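Contents: one structure, followed by commentary.
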Amino acid sequence: MTEACILTGREYREEGWHRTELLAMAEEIREMGPSGVIITGVKEGAYLTNVIAERGKETAFCRSMRVGRERPGTGDVFSAIVAAEAVKGASLTDAAKKAARFVKRCILKSEELNVPVQNGVCFEEVLSELIKWK
């Protein structure tokens with residue numbers, strides 16, 4: 001959300017985004033050149049939503065129940081998975097769903113292991129799970 005607001009000149013706010021605003025924001029960014037856009041971390045009550053806009057496809061809103069505390073590094077893990085899935089030919093929507101699922105799993109594992117928030121997320125402990133997911 002932070003980057004999407006910066007790119008589109010909108011004022012950032014924690015919550016209260018309407019889906020029409022998110023659609024417009026994603027389309028504005030897509031018009032800047034990329035064929036696909038993912039806006040991550042839209043807070044909708046107890047959920048986090050990712051907005052996925054791909055050229056020639058209907059915009060998708062993928063929601064997931066929020067878990068644990070916000071941690072640094074989740075965006076890096078998310079982006080790495082999306083990039084890897086794109087290289088393998090996956091759709092942006094499928095890649096974003098897989099990435100969100102894995103980040104959620106990493107957060108849960110980090111909470112389980114009582115990893116300090118400032119240390120980010122543990123992904124090594126659950127990496128083998130990612131390999132098995134389709």
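Labeling convention for the structure tokens: chains A, B, ... as they appear, residues from 1 per chain, ligands from 1 in order of appearance.
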
Spatial neighbours of Ser91 (chain A), max dist 12 Å, only C-alpha atoms, sep filter under 3 positions, as a PDB file with N, CA and C atoms, in the first residue's frame:
ATOM      1  N   SER A  35       2.708  -4.951 -17.060  1.00  0.00           N
ATOM      2  CA  SER A  35       1.522  -5.703 -17.502  1.00  0.00           C
ATOM      3  C   SER A  35       0.760  -6.273 -16.321  1.00  0.00           C
ATOM      4  N   GLY A  36       1.388  -6.269 -15.146  1.00  0.00           N
ATOM      5  CA  GLY A  36       0.720  -6.765 -13.950  1.00  0.00           C
ATOM      6  C   GLY A  36       1.161  -5.996 -12.724  1.00  0.00           C
ATOM      7  N   VAL A  37       0.244  -5.896 -11.767  1.00  0.00           N
ATOM      8  CA  VAL A  37       0.493  -5.143 -10.539  1.00  0.00           C
ATOM      9  C   VAL A  37      -0.068  -5.931  -9.369  1.00  0.00           C
ATOM     10  N   ILE A  38       0.681  -5.978  -8.278  1.00  0.00           N
ATOM     11  CA  ILE A  38       0.163  -6.532  -7.030  1.00  0.00           C
ATOM     12  C   ILE A  38       0.301  -5.456  -5.970  1.00  0.00           C
ATOM     13  N   ILE A  52      -4.584  -7.945  -7.246  1.00  0.00           N
ATOM     14  CA  ILE A  52      -3.769  -8.407  -8.368  1.00  0.00           C
ATOM     15  C   ILE A  52      -4.438  -7.986  -9.673  1.00  0.00           C
ATOM     16  N   ALA A  53      -3.751  -7.129 -10.421  1.00  0.00           N
ATOM     17  CA  ALA A  53      -4.281  -6.629 -11.687  1.00  0.00           C
ATOM     18  C   ALA A  53      -3.332  -7.038 -12.809  1.00  0.00           C
ATOM     19  N   GLU A  54      -3.837  -7.860 -13.724  1.00  0.00           N
ATOM     20  CA  GLU A  54      -3.049  -8.295 -14.880  1.00  0.00           C
ATOM     21  C   GLU A  54      -3.751  -7.838 -16.152  1.00  0.00           C
ATOM     22  N   ARG A  55      -2.965  -7.439 -17.117  1.00  0.00           N
ATOM     23  CA  ARG A  55      -3.525  -7.015 -18.399  1.00  0.00           C
ATOM     24  C   ARG A  55      -4.365  -8.141 -18.982  1.00  0.00           C
ATOM     25  N   GLY A  56      -5.582  -7.820 -19.385  1.00  0.00           N
ATOM     26  CA  GLY A  56      -6.464  -8.787 -20.035  1.00  0.00           C
ATOM     27  C   GLY A  56      -7.206  -9.712 -19.089  1.00  0.00           C
ATOM     28  N   LYS A  57      -7.057  -9.502 -17.786  1.00  0.00           N
ATOM     29  CA  LYS A  57      -7.751 -10.345 -16.812  1.00  0.00           C
ATOM     30  C   LYS A  57      -8.504  -9.483 -15.812  1.00  0.00           C
ATOM     31  N   ALA A  60      -8.196  -9.340  -9.299  1.00  0.00           N
ATOM     32  CA  ALA A  60      -8.523 -10.274  -8.216  1.00  0.00           C
ATOM     33  C   ALA A  60      -8.203  -9.642  -6.868  1.00  0.00           C
ATOM     34  N   VAL A  82       6.856 -14.629  -5.818  1.00  0.00           N
ATOM     35  CA  VAL A  82       6.151 -14.164  -7.021  1.00  0.00           C
ATOM     36  C   VAL A  82       7.091 -14.205  -8.222  1.00  0.00           C
ATOM     37  N   ALA A  83       8.322 -13.733  -8.049  1.00  0.00           N
ATOM     38  CA  ALA A  83       9.287 -13.745  -9.153  1.00  0.00           C
ATOM     39  C   ALA A  83       9.588 -15.169  -9.606  1.00  0.00           C
ATOM     40  N   ALA A  84       9.809 -16.062  -8.655  1.00  0.00           N
ATOM     41  CA  ALA A  84      10.109 -17.458  -9.008  1.00  0.00           C
ATOM     42  C   ALA A  84       8.939 -18.105  -9.737  1.00  0.00           C
ATOM     43  N   GLU A  85       7.736 -17.850  -9.286  1.00  0.00           N
ATOM     44  CA  GLU A  85       6.556 -18.417  -9.928  1.00  0.00           C
ATOM     45  C   GLU A  85       6.358 -17.838 -11.325  1.00  0.00           C
ATOM     46  N   ALA A  86       6.648 -16.552 -11.491  1.00  0.00           N
ATOM     47  CA  ALA A  86       6.534 -15.928 -12.813  1.00  0.00           C
ATOM     48  C   ALA A  86       7.514 -16.564 -13.792  1.00  0.00           C
ATOM     49  N   VAL A  87       8.723 -16.824 -13.336  1.00  0.00           N
ATOM     50  CA  VAL A  87       9.723 -17.479 -14.183  1.00  0.00           C
ATOM     51  C   VAL A  87       9.228 -18.852 -14.621  1.00  0.00           C
ATOM     52  N   LYS A  88       8.494 -19.524 -13.745  1.00  0.00           N
ATOM     53  CA  LYS A  88       7.964 -20.853 -14.063  1.00  0.00           C
ATOM     54  C   LYS A  88       6.695 -20.778 -14.914  1.00  0.00           C
ATOM     55  N   ASP A  94      -2.016 -16.661  -9.242  1.00  0.00           N
ATOM     56  CA  ASP A  94      -1.572 -17.894  -8.594  1.00  0.00           C
ATOM     57  C   ASP A  94      -0.278 -17.666  -7.810  1.00  0.00           C
ATOM     58  N   ALA A  95       0.622 -16.892  -8.375  1.00  0.00           N
ATOM     59  CA  ALA A  95       1.892 -16.591  -7.703  1.00  0.00           C
ATOM     60  C   ALA A  95       1.649 -15.823  -6.408  1.00  0.00           C
ATOM     61  N   ALA A  96       0.753 -14.837  -6.454  1.00  0.00           N
ATOM     62  CA  ALA A  96       0.456 -14.039  -5.260  1.00  0.00           C
ATOM     63  C   ALA A  96      -0.217 -14.876  -4.177  1.00  0.00           C
ATOM     64  N   LYS A  97      -1.094 -15.774  -4.575  1.00  0.00           N
ATOM     65  CA  LYS A  97      -1.749 -16.651  -3.598  1.00  0.00           C
ATOM     66  C   LYS A  97      -0.738 -17.556  -2.903  1.00  0.00           C
ATOM     67  N   LYS A  98       0.173 -18.122  -3.684  1.00  0.00           N
ATOM     68  CA  LYS A  98       1.199 -18.999  -3.115  1.00  0.00           C
ATOM     69  C   LYS A  98       2.116 -18.200  -2.181  1.00  0.00           C
TER      70      LYS A  98
END

Identify, on the basis of only C-alpha atoms, every residue whose closest approach to Leu48 (chain A) does not exceed 10 Å; exclude the query and any residue fewer than 6 positions from it along the same chain; express the result as an MDAnalysis selection string. chainID A and resid 40:42 61:67 100

Can I get the residues of region 40-90 of chain A within 7 Å of region 114-127 of chain A, each with the closest pair of atoms and their distance in Å to one decimal, using only C-alpha atoms, sorted chain first then ascending number, as a tab-separated table?
residue	atom	partner	partner_atom	distance
A:Arg71	CA	A:Gly120	CA	5.0
A:Pro72	CA	A:Gly120	CA	4.6
A:Gly73	CA	A:Gly120	CA	5.4
A:Thr74	CA	A:Val121	CA	6.8

Rounded to one decimal, what separation in Å do you get between CA of Val51 (chain A) and CA of Phe78 (chain A)? 13.6 Å
